[in-house]
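**Student:** Structure file my_file_15.cif (mmCIF, C-alpha atoms and all ligand atoms) is given on the next line.
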data_work
#
loop_
_atom_site.group_PDB
_atom_site.id
_atom_site.type_symbol
_atom_site.label_atom_id
_atom_site.label_comp_id
_atom_site.auth_asym_id
_atom_site.auth_seq_id
_atom_site.Cartn_x
_atom_site.Cartn_y
_atom_site.Cartn_z
ATOM 1 C CA MET J 1 167.442 -73.547 -173.127
ATOM 2 C CA PRO J 2 166.735 -70.112 -174.647
ATOM 3 C CA LEU J 3 163.200 -68.858 -174.151
ATOM 4 C CA THR J 4 161.118 -67.298 -176.877
ATOM 5 C CA ASN J 5 159.466 -63.925 -176.213
ATOM 6 C CA LYS J 6 156.113 -65.656 -176.214
ATOM 7 C CA GLN J 7 157.236 -68.027 -173.469
ATOM 8 C CA VAL J 8 158.649 -65.153 -171.397
ATOM 9 C CA ASP J 9 155.297 -63.327 -171.723
ATOM 10 C CA GLN J 10 153.410 -66.468 -170.744
ATOM 11 C CA ILE J 11 155.553 -66.979 -167.659
ATOM 12 C CA GLU J 12 155.175 -63.355 -166.586
ATOM 13 C CA GLN J 13 151.434 -63.658 -167.038
ATOM 14 C CA ILE J 14 151.363 -66.779 -164.874
ATOM 15 C CA TYR J 15 153.238 -65.066 -162.045
ATOM 16 C CA LEU J 16 150.949 -62.055 -162.348
ATOM 17 C CA GLU J 17 147.896 -64.295 -162.072
ATOM 18 C CA ARG J 18 149.341 -66.087 -159.059
ATOM 19 C CA ARG J 19 150.009 -62.796 -157.301
ATOM 20 C CA ARG J 20 146.515 -61.563 -158.097
ATOM 21 C CA ALA J 21 144.932 -64.784 -156.873
ATOM 22 C CA ALA J 22 146.879 -64.612 -153.579
ATOM 23 C CA GLU J 23 145.968 -60.955 -153.106
ATOM 24 C CA ASP J 24 142.305 -61.589 -153.923
ATOM 25 C CA ARG J 25 142.181 -64.428 -151.430
ATOM 26 C CA ALA J 26 143.815 -62.200 -148.807
ATOM 27 C CA ALA J 27 141.241 -59.454 -149.468
ATOM 28 C CA GLU J 28 138.401 -61.954 -149.104
ATOM 29 C CA ASN J 29 139.911 -63.230 -145.867
ATOM 30 C CA ARG J 30 140.278 -59.710 -144.559
ATOM 31 C CA ALA J 31 136.624 -58.932 -145.256
ATOM 32 C CA ARG J 32 135.585 -62.062 -143.382
ATOM 33 C CA ILE J 33 137.898 -61.284 -140.472
ATOM 34 C CA GLU J 34 136.790 -57.656 -140.244
ATOM 35 C CA GLU J 35 133.227 -58.858 -139.975
ATOM 36 C CA ALA J 36 134.148 -61.158 -137.093
ATOM 37 C CA VAL J 37 136.500 -58.649 -135.423
ATOM 38 C CA PRO J 38 134.928 -55.196 -135.867
ATOM 39 C CA GLU J 39 137.661 -53.499 -133.783
ATOM 40 C CA LEU J 40 140.345 -54.615 -136.250
ATOM 41 C CA ALA J 41 140.256 -51.587 -138.551
ATOM 42 C CA ARG J 42 140.345 -49.130 -135.621
ATOM 43 C CA LEU J 43 143.257 -50.981 -134.001
ATOM 44 C CA GLU J 44 145.229 -51.029 -137.246
ATOM 45 C CA LYS J 45 144.669 -47.326 -137.760
ATOM 46 C CA GLU J 46 145.780 -46.656 -134.194
ATOM 47 C CA GLN J 47 148.889 -48.774 -134.810
ATOM 48 C CA ALA J 48 149.730 -46.823 -137.966
ATOM 49 C CA ASP J 49 149.281 -43.485 -136.123
ATOM 50 C CA LEU J 50 151.477 -44.643 -133.266
ATOM 51 C CA ARG J 51 154.158 -45.841 -135.682
ATOM 52 C CA GLY J 52 154.114 -42.440 -137.393
ATOM 53 C CA ARG J 53 154.497 -40.678 -134.071
ATOM 54 C CA LEU J 54 157.305 -43.068 -133.081
ATOM 55 C CA ILE J 55 159.315 -42.173 -136.183
ATOM 56 C CA GLU J 56 158.751 -38.499 -135.424
ATOM 57 C CA ALA J 57 159.793 -38.944 -131.780
ATOM 58 C CA ARG J 58 162.982 -40.772 -132.758
ATOM 59 C CA ARG J 59 163.828 -38.133 -135.314
ATOM 60 C CA SER J 60 163.448 -35.345 -132.780
ATOM 61 C CA GLY J 61 165.485 -37.274 -130.205
ATOM 62 C CA SER J 62 162.780 -37.633 -127.539
ATOM 63 C CA ALA J 63 163.883 -40.983 -126.144
ATOM 64 C CA HIS J 64 161.336 -40.985 -123.356
ATOM 65 C CA LEU J 65 158.370 -40.412 -125.690
ATOM 66 C CA ALA J 66 159.745 -42.989 -128.154
ATOM 67 C CA ALA J 67 159.896 -45.627 -125.428
ATOM 68 C CA GLU J 68 156.329 -44.803 -124.371
ATOM 69 C CA LEU J 69 155.037 -45.033 -127.966
ATOM 70 C CA ASP J 70 156.892 -48.285 -128.482
ATOM 71 C CA LYS J 71 155.155 -49.701 -125.428
ATOM 72 C CA GLN J 72 151.768 -48.574 -126.747
ATOM 73 C CA ILE J 73 152.439 -50.163 -130.146
ATOM 74 C CA ARG J 74 153.308 -53.470 -128.527
ATOM 75 C CA ALA J 75 150.090 -53.292 -126.513
ATOM 76 C CA THR J 76 148.000 -52.783 -129.676
ATOM 77 C CA VAL J 77 149.819 -55.640 -131.423
ATOM 78 C CA LEU J 78 149.016 -57.924 -128.511
ATOM 79 C CA MET J 79 145.410 -56.686 -128.422
ATOM 80 C CA LYS J 80 145.032 -57.395 -132.145
ATOM 81 C CA GLU J 81 146.463 -60.896 -131.779
ATOM 82 C CA THR J 82 144.188 -61.675 -128.856
ATOM 83 C CA LEU J 83 141.052 -60.451 -130.643
ATOM 84 C CA LEU J 84 141.966 -62.432 -133.761
ATOM 85 C CA GLN J 85 142.621 -65.562 -131.743
ATOM 86 C CA GLU J 86 139.344 -65.213 -129.865
ATOM 87 C CA ALA J 87 137.548 -65.123 -133.218
ATOM 88 C CA GLY J 88 139.483 -68.187 -134.412
ATOM 89 C CA PHE J 89 142.038 -66.432 -136.658
ATOM 90 C CA SER J 90 145.758 -65.692 -136.590
ATOM 91 C CA PRO J 91 147.668 -62.617 -137.845
ATOM 92 C CA GLU J 92 148.929 -64.838 -140.690
ATOM 93 C CA ASP J 93 145.371 -65.046 -142.049
ATOM 94 C CA LEU J 94 145.554 -61.359 -142.967
ATOM 95 C CA LYS J 95 148.586 -61.848 -145.199
ATOM 96 C CA PRO J 96 148.530 -63.130 -148.797
ATOM 97 C CA GLN J 97 149.324 -66.851 -148.947
ATOM 98 C CA TRP J 98 151.797 -66.978 -151.829
ATOM 99 C CA SER J 99 152.205 -70.139 -153.913
ATOM 100 C CA CYS J 100 155.927 -69.546 -153.416
ATOM 101 C CA PRO J 101 156.737 -67.614 -150.241
ATOM 102 C CA LEU J 102 160.401 -67.355 -151.313
ATOM 103 C CA CYS J 103 159.694 -64.950 -154.173
ATOM 104 C CA ARG J 104 156.138 -63.913 -153.245
ATOM 105 C CA ASP J 105 155.091 -65.174 -156.671
ATOM 106 C CA THR J 106 157.373 -62.856 -158.612
ATOM 107 C CA GLY J 107 159.694 -65.598 -159.939
ATOM 108 C CA TYR J 108 162.753 -63.713 -158.658
ATOM 109 C CA ALA J 109 164.510 -64.103 -155.342
ATOM 110 C CA GLU J 110 167.949 -63.155 -154.046
ATOM 111 C CA GLY J 111 168.879 -61.352 -157.235
ATOM 112 C CA GLY J 112 168.160 -64.263 -159.541
ATOM 113 C CA ARG J 113 165.473 -66.621 -160.694
ATOM 114 C CA CYS J 114 163.627 -68.295 -157.860
ATOM 115 C CA SER J 115 163.646 -72.081 -157.484
ATOM 116 C CA CYS J 116 159.975 -72.080 -158.587
ATOM 117 C CA PHE J 117 160.979 -70.753 -162.026
ATOM 118 C CA ARG J 118 162.129 -74.013 -163.627
ATOM 119 C CA PRO J 119 159.019 -76.005 -162.635
ATOM 120 C CA THR J 120 156.880 -73.114 -163.852
ATOM 121 C CA LEU J 121 158.725 -73.010 -167.165
ATOM 122 C CA VAL J 122 158.209 -76.736 -167.663
ATOM 123 C CA ASN J 123 154.489 -76.281 -166.986
ATOM 124 C CA VAL J 124 154.419 -73.590 -169.685
ATOM 125 C CA LEU J 125 156.278 -75.742 -172.191
ATOM 126 C CA TYR J 126 153.870 -78.601 -171.674
ATOM 127 C CA HIS J 127 150.721 -76.486 -171.365
ATOM 128 C CA ASP J 128 149.886 -77.178 -167.748
ATOM 129 C CA SER J 129 150.056 -73.741 -166.157
ATOM 130 C CA PRO J 130 147.000 -74.348 -163.903
ATOM 131 C CA LEU J 131 148.970 -77.102 -162.147
ATOM 132 C CA TRP J 132 150.187 -74.596 -159.540
ATOM 133 C CA GLU J 133 146.589 -73.718 -158.668
ATOM 134 C CA ARG J 134 145.624 -77.354 -158.336
ATOM 135 C CA VAL J 135 148.561 -78.183 -156.119
ATOM 136 C CA ASN J 136 147.737 -75.308 -153.824
ATOM 137 C CA GLU J 137 144.261 -76.710 -153.320
ATOM 138 C CA GLU J 138 145.244 -80.364 -153.166
ATOM 139 C CA SER J 139 148.351 -80.650 -151.009
ATOM 140 C CA PHE J 140 149.677 -82.629 -148.058
ATOM 141 C CA GLU J 141 148.546 -79.678 -145.933
ATOM 142 C CA THR J 142 144.928 -79.854 -147.146
ATOM 143 C CA PHE J 143 144.748 -83.657 -147.193
ATOM 144 C CA ASP J 144 141.897 -84.790 -144.927
ATOM 145 C CA ILE J 145 142.291 -88.377 -143.803
ATOM 146 C CA THR J 146 138.914 -88.284 -141.994
ATOM 147 C CA ARG J 147 137.160 -88.371 -145.399
ATOM 148 C CA PHE J 148 138.170 -92.002 -145.741
ATOM 149 C CA ASP J 149 135.979 -94.761 -144.407
ATOM 150 C CA THR J 150 137.107 -96.699 -141.353
ATOM 151 C CA ARG J 151 135.040 -99.802 -142.076
ATOM 152 C CA PRO J 152 136.730 -102.948 -143.418
ATOM 153 C CA ASP J 153 136.459 -103.172 -147.201
ATOM 154 C CA VAL J 154 136.530 -106.516 -149.010
ATOM 155 C CA ASP J 155 138.032 -104.882 -152.111
ATOM 156 C CA LEU J 156 140.992 -103.844 -149.971
ATOM 157 C CA GLY J 157 141.520 -107.296 -148.526
ATOM 158 C CA GLY J 158 139.488 -106.462 -145.414
ATOM 159 C CA GLU J 159 141.401 -103.285 -144.577
ATOM 160 C CA SER J 160 139.600 -99.959 -144.320
ATOM 161 C CA ALA J 161 140.099 -97.245 -146.920
ATOM 162 C CA ARG J 162 141.473 -95.044 -144.157
ATOM 163 C CA SER J 163 144.161 -97.436 -142.994
ATOM 164 C CA VAL J 164 145.210 -98.057 -146.611
ATOM 165 C CA MET J 165 145.308 -94.297 -147.172
ATOM 166 C CA VAL J 166 147.480 -93.728 -144.105
ATOM 167 C CA LYS J 167 150.043 -96.084 -145.661
ATOM 168 C CA ASN J 168 149.719 -94.443 -149.093
ATOM 169 C CA LEU J 169 150.205 -91.023 -147.578
ATOM 170 C CA ARG J 170 153.342 -92.202 -145.800
ATOM 171 C CA ALA J 171 154.666 -93.717 -149.049
ATOM 172 C CA ALA J 172 153.970 -90.453 -150.909
ATOM 173 C CA LYS J 173 155.781 -88.385 -148.275
ATOM 174 C CA ASN J 174 158.746 -90.767 -148.421
ATOM 175 C CA PHE J 175 158.728 -90.436 -152.188
ATOM 176 C CA VAL J 176 159.065 -86.659 -151.841
ATOM 177 C CA ARG J 177 161.685 -86.945 -149.086
ATOM 178 C CA ASN J 178 163.874 -89.309 -151.151
ATOM 179 C CA PHE J 179 163.370 -87.515 -154.444
ATOM 180 C CA GLY J 180 166.618 -86.795 -156.253
ATOM 181 C CA THR J 181 168.614 -89.413 -154.354
ATOM 182 C CA LYS J 182 167.459 -92.361 -156.487
ATOM 183 C CA MET J 183 164.987 -93.325 -159.209
ATOM 184 C CA GLN J 184 161.553 -93.941 -157.737
ATOM 185 C CA ASN J 185 158.503 -95.217 -159.589
ATOM 186 C CA MET J 186 155.005 -95.490 -158.255
ATOM 187 C CA LEU J 187 151.814 -97.054 -159.559
ATOM 188 C CA LEU J 188 148.588 -95.863 -157.899
ATOM 189 C CA TYR J 189 145.687 -98.118 -158.786
ATOM 190 C CA GLY J 190 142.039 -98.295 -157.827
ATOM 191 C CA PRO J 191 138.588 -97.052 -158.843
ATOM 192 C CA THR J 192 137.752 -93.458 -159.793
ATOM 193 C CA GLY J 193 137.329 -90.928 -157.000
ATOM 194 C CA THR J 194 139.315 -92.747 -154.334
ATOM 195 C CA GLY J 195 142.071 -90.130 -153.904
ATOM 196 C CA LYS J 196 144.681 -91.093 -156.505
ATOM 197 C CA THR J 197 144.691 -87.751 -158.313
ATOM 198 C CA PHE J 198 144.696 -85.897 -155.007
ATOM 199 C CA LEU J 199 147.805 -87.787 -153.900
ATOM 200 C CA CYS J 200 149.470 -87.164 -157.288
ATOM 201 C CA ASN J 201 148.821 -83.440 -156.805
ATOM 202 C CA CYS J 202 150.311 -83.578 -153.290
ATOM 203 C CA ILE J 203 153.505 -85.127 -154.668
ATOM 204 C CA ALA J 204 153.672 -82.739 -157.645
ATOM 205 C CA GLY J 205 153.177 -79.646 -155.486
ATOM 206 C CA ALA J 206 155.668 -80.617 -152.799
ATOM 207 C CA LEU J 207 158.341 -81.296 -155.440
ATOM 208 C CA MET J 208 157.610 -78.207 -157.533
ATOM 209 C CA LYS J 209 157.999 -76.079 -154.430
ATOM 210 C CA GLU J 210 161.455 -77.619 -153.992
ATOM 211 C CA GLY J 211 162.301 -76.577 -157.548
ATOM 212 C CA TRP J 212 161.859 -79.925 -159.323
ATOM 213 C CA ALA J 213 160.357 -79.884 -162.788
ATOM 214 C CA VAL J 214 157.159 -81.920 -162.835
ATOM 215 C CA VAL J 215 155.099 -82.724 -165.897
ATOM 216 C CA TYR J 216 151.620 -83.894 -165.060
ATOM 217 C CA MET J 217 149.308 -85.129 -167.794
ATOM 218 C CA THR J 218 146.337 -87.367 -168.174
ATOM 219 C CA ALA J 219 147.073 -90.453 -170.247
ATOM 220 C CA ALA J 220 144.953 -89.049 -173.097
ATOM 221 C CA GLU J 221 146.924 -85.763 -173.115
ATOM 222 C CA TYR J 222 150.192 -87.594 -172.792
ATOM 223 C CA PHE J 223 149.628 -89.926 -175.734
ATOM 224 C CA ARG J 224 148.382 -87.046 -177.871
ATOM 225 C CA LEU J 225 151.552 -85.063 -177.132
ATOM 226 C CA MET J 226 153.821 -88.088 -177.606
ATOM 227 C CA GLY J 227 152.119 -88.830 -180.926
ATOM 228 C CA ASP J 228 152.510 -85.190 -182.045
ATOM 229 C CA MET J 229 156.176 -85.202 -181.078
ATOM 230 C CA ALA J 230 156.851 -88.562 -182.733
ATOM 231 C CA PHE J 231 155.379 -87.255 -186.003
ATOM 232 C CA GLY J 232 157.012 -83.807 -185.779
ATOM 233 C CA ARG J 233 153.705 -81.982 -185.212
ATOM 234 C CA SER J 234 154.886 -80.359 -181.978
ATOM 235 C CA GLU J 235 157.613 -77.784 -181.261
ATOM 236 C CA GLN J 236 158.723 -80.079 -178.447
ATOM 237 C CA THR J 237 160.633 -83.306 -178.858
ATOM 238 C CA ILE J 238 160.441 -86.520 -176.881
ATOM 239 C CA GLU J 239 164.098 -86.049 -175.861
ATOM 240 C CA GLY J 240 163.338 -82.498 -174.725
ATOM 241 C CA LEU J 241 160.387 -83.641 -172.669
ATOM 242 C CA MET J 242 162.375 -86.377 -170.973
ATOM 243 C CA ASP J 243 165.421 -84.147 -170.414
ATOM 244 C CA SER J 244 163.484 -81.325 -168.823
ATOM 245 C CA THR J 245 161.276 -83.461 -166.602
ATOM 246 C CA ASP J 246 162.470 -84.633 -163.196
ATOM 247 C CA LEU J 247 159.158 -86.317 -162.489
ATOM 248 C CA LEU J 248 156.595 -87.436 -165.037
ATOM 249 C CA ILE J 249 153.090 -88.087 -163.734
ATOM 250 C CA ILE J 250 150.623 -89.856 -166.003
ATOM 251 C CA ASP J 251 147.123 -89.795 -164.586
ATOM 252 C CA ASP J 252 144.378 -92.216 -165.592
ATOM 253 C CA LEU J 253 146.429 -94.705 -167.576
ATOM 254 C CA GLY J 254 144.108 -97.158 -169.298
ATOM 255 C CA THR J 255 141.673 -94.476 -170.505
ATOM 256 C CA GLU J 256 143.780 -93.845 -173.643
ATOM 257 C CA ILE J 257 142.778 -95.429 -176.908
ATOM 258 C CA GLU J 258 144.238 -98.882 -177.123
ATOM 259 C CA THR J 259 146.305 -98.754 -180.301
ATOM 260 C CA ALA J 260 149.581 -100.353 -181.260
ATOM 261 C CA ALA J 261 151.061 -96.840 -181.563
ATOM 262 C CA ASN J 262 150.054 -95.904 -178.015
ATOM 263 C CA ILE J 263 151.400 -99.127 -176.636
ATOM 264 C CA SER J 264 154.750 -98.580 -178.292
ATOM 265 C CA LEU J 265 154.834 -94.942 -177.067
ATOM 266 C CA LEU J 266 154.212 -96.154 -173.529
ATOM 267 C CA GLU J 267 156.920 -98.755 -173.914
ATOM 268 C CA GLU J 268 159.323 -96.105 -175.140
ATOM 269 C CA THR J 269 158.495 -93.828 -172.194
ATOM 270 C CA VAL J 270 158.807 -96.519 -169.572
ATOM 271 C CA ASP J 271 162.058 -97.870 -171.020
ATOM 272 C CA ARG J 272 163.657 -94.514 -171.631
ATOM 273 C CA ARG J 273 162.939 -93.253 -168.122
ATOM 274 C CA PHE J 274 164.188 -96.511 -166.669
ATOM 275 C CA ARG J 275 167.464 -96.269 -168.575
ATOM 276 C CA ARG J 276 167.950 -92.631 -167.566
ATOM 277 C CA LYS J 277 166.977 -93.312 -163.947
ATOM 278 C CA GLN J 278 164.166 -90.753 -164.101
ATOM 279 C CA SER J 279 161.220 -91.123 -161.761
ATOM 280 C CA THR J 280 157.669 -91.722 -162.931
ATOM 281 C CA VAL J 281 154.303 -91.859 -161.189
ATOM 282 C CA ILE J 282 151.351 -93.489 -162.916
ATOM 283 C CA SER J 283 147.782 -93.638 -161.695
ATOM 284 C CA THR J 284 145.253 -96.006 -163.209
ATOM 285 C CA ASN J 285 141.760 -97.395 -162.789
ATOM 286 C CA LEU J 286 143.087 -100.716 -164.047
ATOM 287 C CA THR J 287 143.795 -103.526 -161.615
ATOM 288 C CA PRO J 288 147.188 -105.278 -161.747
ATOM 289 C CA GLU J 289 145.334 -108.121 -163.490
ATOM 290 C CA ASP J 290 143.961 -105.696 -166.145
ATOM 291 C CA ILE J 291 147.445 -104.274 -166.666
ATOM 292 C CA ARG J 292 148.797 -107.738 -167.434
ATOM 293 C CA HIS J 293 146.039 -108.258 -170.009
ATOM 294 C CA ARG J 294 145.979 -104.836 -171.605
ATOM 295 C CA TYR J 295 149.684 -104.208 -172.138
ATOM 296 C CA ILE J 296 152.294 -106.431 -173.612
ATOM 297 C CA GLU J 297 154.280 -108.520 -171.173
ATOM 298 C CA ARG J 298 157.332 -106.227 -171.219
ATOM 299 C CA ILE J 299 155.433 -103.070 -170.213
ATOM 300 C CA GLY J 300 153.080 -104.844 -167.851
ATOM 301 C CA SER J 301 155.890 -106.410 -165.882
ATOM 302 C CA ARG J 302 157.826 -103.129 -165.760
ATOM 303 C CA LEU J 303 154.764 -101.266 -164.428
ATOM 304 C CA LEU J 304 154.100 -103.924 -161.833
ATOM 305 C CA CYS J 305 157.713 -103.513 -160.636
ATOM 306 C CA TYR J 306 156.789 -99.971 -159.605
ATOM 307 C CA GLN J 307 155.958 -99.416 -155.968
ATOM 308 C CA THR J 308 152.224 -100.234 -156.089
ATOM 309 C CA LEU J 309 149.698 -98.396 -153.927
ATOM 310 C CA PRO J 310 146.115 -99.688 -153.826
ATOM 311 C CA PHE J 311 143.174 -97.268 -153.491
ATOM 312 C CA GLY J 312 139.537 -97.997 -152.708
ATOM 313 C CA GLY J 313 136.615 -97.459 -150.412
ATOM 314 C CA GLY J 314 134.078 -95.857 -152.739
ATOM 315 C CA ASP J 315 133.880 -92.601 -154.625
ATOM 316 C CA LEU J 316 134.707 -89.672 -152.316
ATOM 317 C CA ARG J 317 133.009 -87.256 -154.698
ATOM 318 C CA THR J 318 129.651 -89.002 -154.936
ATOM 319 C CA GLY J 319 129.675 -90.692 -151.559
ATOM 320 C CA SER J 320 128.863 -94.076 -153.078
ATOM 321 C CA ARG J 321 130.660 -96.935 -151.432
ATOM 322 C CA SER J 322 132.129 -100.114 -152.698
ATOM 323 C CA ARG J 323 131.408 -103.389 -150.982
ATOM 324 C CA LEU J 324 131.820 -102.626 -147.324
ATOM 325 C CA THR J 325 131.509 -105.108 -144.546
ATOM 326 C CA ASP J 326 129.450 -103.561 -141.781
ATOM 327 C CA LEU J 327 130.572 -104.572 -138.345
HETATM 328 ZN ZN ZN P 1 159.464 -68.594 -156.146
#
Using the file provided, produce a representation of the structure as structure tokens.

**Tutor:**
Amino acid sequence: MPLTNKQVDQIEQIYLERRRAAEDRAAENRARIEEAVPELARLEKEQADLRGRLIEARRSGSAHLAAELDKQIRATVLMKETLLQEAGFSPEDLKPQWSCPLCRDTGYAEGGRCSCFRPTLVNVLYHDSPLWERVNEESFETFDITRFDTRPDVDLGGESARSVMVKNLRAAKNFVRNFGTKMQNMLLYGPTGTGKTFLCNCIAGALMKEGWAVVYMTAAEYFRLMGDMAFGRSEQTIEGLMDSTDLLIIDDLGTEIETAANISLLEETVDRRFRRKQSTVISTNLTPEDIRHRYIERIGSRLLCYQTLPFGGGDLRTGSRSRLTDL
């Protein structure tokens, strides 16, 4: 699909911001590390001097001196690593952590567009450019299972939130592993603040980094966009959205206004993606029972055919708990 100049500018701006953010984080890390390892700056300067002298020695053909300098450089490298480790850091902590290590957040790799370009473009088209930032913060790597309660929870059929979450995490990783081999649909349900959005971000990020185009919207945003497209108020079309999206994630289903138009838009989405074998992930505060009541039979039964993952155990953000059974 041809890009407009405005879209090209937007994409370049996004990559620029990503690079800046990674460099800023690296600079902050360096300041922290230098405070903990005061010898770092001196060692790095010494390394740079030695490297300069090594080049000089090689150029002038003094093999003996070159070997000696090489030995000294390796000693400083080892010294640096040891000091960093003793302070609880690694040499990697000094480098920028790019959103996409393949292209170092430039969008270009190996003479062409990087695999992160298409997912980025889709985020631009559907106005979700901060998605990359969110998925860097909320990823499988940053997921902390210890935040989930280990006590049995009546709302989870006597299981603990942690043991349920271990299963959900496994299901989400399988979803990513199998992506592209078959249509997969997932319904994450449970109260607010129990980790549904976090898990959606984990899935989105892992797939975007593999080059899949992910559109992630709250239900309210999604129905607004669908409505605009249906009535020709948007540059985008429903066909375009479906065609360009490998995975559609709708967060917070059930918070949209309950109108006949919204219900038929949801029906159209669910049916269309089913027919085209395109994967969908939906998160909702509604229970399966609520879903049966709120939506017409056809949509409700389709949604409940999705792989369903229950969430619970109280709001992680406020620390309030649901009904826990103390042992
Ligand atoms: Zn890239």

**Student:** Quick one: which range 55-102 of chain J residues come within 12 Å of range 135-158 of chain J, and what is the nearest atom pair for each with the distance in Å to one decimal, counting all atoms listed in the file, rows ordered by chain and ascending number, as CSV?

**Tutor:**
residue,atom,partner,partner_atom,distance
J:Gln97,CA,J:Asn136,CA,9.9
J:Trp98,CA,J:Asn136,CA,9.5
J:Ser99,CA,J:Asn136,CA,6.8
J:Cys100,CA,J:Asn136,CA,10.0

**Student:** Counting all atoms listed in the file, which of J:Ile282, J:Ala87, J:Ile73, J:Ala260 gets nearest to Ile33 in chain J?

**Tutor:**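 The shortest atom-to-atom distance to Ile33 in chain J comes from J:Ala87.
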
**Student:** Given the point (146.3, -85.5, -156.8) in the coordinates of this file, which residues lie within 9 Å, counting all atoms listed in the file, and how would they look as a list of chain:residue names?

**Tutor:** J:Arg134, J:Val135, J:Glu138, J:Ser139, J:Gly195, J:Lys196, J:Thr197, J:Phe198, J:Leu199, J:Cys200, J:Asn201, J:Cys202, J:Ile203, J:Ala204, J:Asp251

**Student:** Taking C-alpha atoms for each residue, export the selection above as a CSV table (one decimal), in the frame of the given file.

**Tutor:**
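Final output, saved to out_9.csv:
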chain,number,residue,atom,x,y,z
J,134,ARG,CA,145.6,-77.4,-158.3
J,135,VAL,CA,148.6,-78.2,-156.1
J,138,GLU,CA,145.2,-80.4,-153.2
J,139,SER,CA,148.4,-80.6,-151.0
J,195,GLY,CA,142.1,-90.1,-153.9
J,196,LYS,CA,144.7,-91.1,-156.5
J,197,THR,CA,144.7,-87.8,-158.3
J,198,PHE,CA,144.7,-85.9,-155.0
J,199,LEU,CA,147.8,-87.8,-153.9
J,200,CYS,CA,149.5,-87.2,-157.3
J,201,ASN,CA,148.8,-83.4,-156.8
J,202,CYS,CA,150.3,-83.6,-153.3
J,203,ILE,CA,153.5,-85.1,-154.7
J,204,ALA,CA,153.7,-82.7,-157.6
J,251,ASP,CA,147.1,-89.8,-164.6

**Student:** Selection in question (the file shown): the PyMOL selection byres (((chain J and resi 238-241) around 12) and not hetatm). Which residues does it include, as an MDAnalysis selection string?

**Tutor:** chainID J and resid 1 122:123 125:126 213:216 222:223 225:237 242:248 265:266 268:269 272:273 276 278

**Student:** If the PyMOL selection byres (((not hetatm)) within 10 of (chain P and resi 1)) is run on the structure shown, which residues does it catch, given as a list in words?

**Tutor:** Tyr15, Trp98, Ser99, Cys100, Pro101, Leu102, Cys103, Arg104, Asp105, Thr106, Gly107, Tyr108, Ala109, Arg113, Cys114, Ser115, Cys116, Phe117, Arg118, Pro119, Thr120, Met208, Lys209, Glu210 and Gly211 of chain J

**Student:** Would you save the residues of that selection, restricted to C-alpha atoms, as a compact mmCIF listing (two decimals), keeping the file's coordinate frame?

**Tutor:**
# COMPACT_ATOMS: atom_id res chain seq x y z
CA TYR J 15 153.24 -65.07 -162.04
CA TRP J 98 151.80 -66.98 -151.83
CA SER J 99 152.21 -70.14 -153.91
CA CYS J 100 155.93 -69.55 -153.42
CA PRO J 101 156.74 -67.61 -150.24
CA LEU J 102 160.40 -67.36 -151.31
CA CYS J 103 159.69 -64.95 -154.17
CA ARG J 104 156.14 -63.91 -153.24
CA ASP J 105 155.09 -65.17 -156.67
CA THR J 106 157.37 -62.86 -158.61
CA GLY J 107 159.69 -65.60 -159.94
CA TYR J 108 162.75 -63.71 -158.66
CA ALA J 109 164.51 -64.10 -155.34
CA ARG J 113 165.47 -66.62 -160.69
CA CYS J 114 163.63 -68.30 -157.86
CA SER J 115 163.65 -72.08 -157.48
CA CYS J 116 159.98 -72.08 -158.59
CA PHE J 117 160.98 -70.75 -162.03
CA ARG J 118 162.13 -74.01 -163.63
CA PRO J 119 159.02 -76.00 -162.64
CA THR J 120 156.88 -73.11 -163.85
CA MET J 208 157.61 -78.21 -157.53
CA LYS J 209 158.00 -76.08 -154.43
CA GLU J 210 161.46 -77.62 -153.99
CA GLY J 211 162.30 -76.58 -157.55

**Student:** Enter the distance from CA of Leu169 in chain J to CA of Lys95 in chain J, in Å, rounded to one decimal.

**Tutor:**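 Pair CA of Leu169 in chain J / CA of Lys95 in chain J returns 29.3 Å.
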
**Student:** Restricting the calculation to all atoms listed in the file: of J:Gly111, J:Leu253, J:Thr194, J:Ser129, which residue gets closest to Arg162 in chain J?

**Tutor:** J:Thr194

**Student:** Pick out the closest residue to Thr259 in chain J from this set: J:Glu12, J:Thr181, J:Tyr295, J:Ala22. Count all atoms listed in the file.

**Tutor:**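 Nearest to Thr259 in chain J: J:Tyr295.
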
**Student:** Quick one, how far is CA of Ala75 in chain J from CA of Gly52 in chain J?

**Tutor:**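 A separation of 15.9 Å between them.
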
**Student:** Using only C-alpha atoms, which of the listed residues (J:Glu256, J:Glu17, J:Asp290, J:Asp271) sits closest to Pro130 in chain J?

**Tutor:**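 Looking only at the distances to Pro130 in chain J, the closest residue turns out to be J:Glu17.
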
**Student:** Give, as AutoDock Vina command-line options, the centre coordinates and the x, y and z edge lengths in Å to one decimal for an axis-aligned box around all listed atoms of range 140-148 of chain J, padded by 4 Å on each side.

**Tutor:**
--center_x 143.4 --center_y -85.8 --center_z -145.0 --size_x 20.5 --size_y 20.3 --size_z 14.1
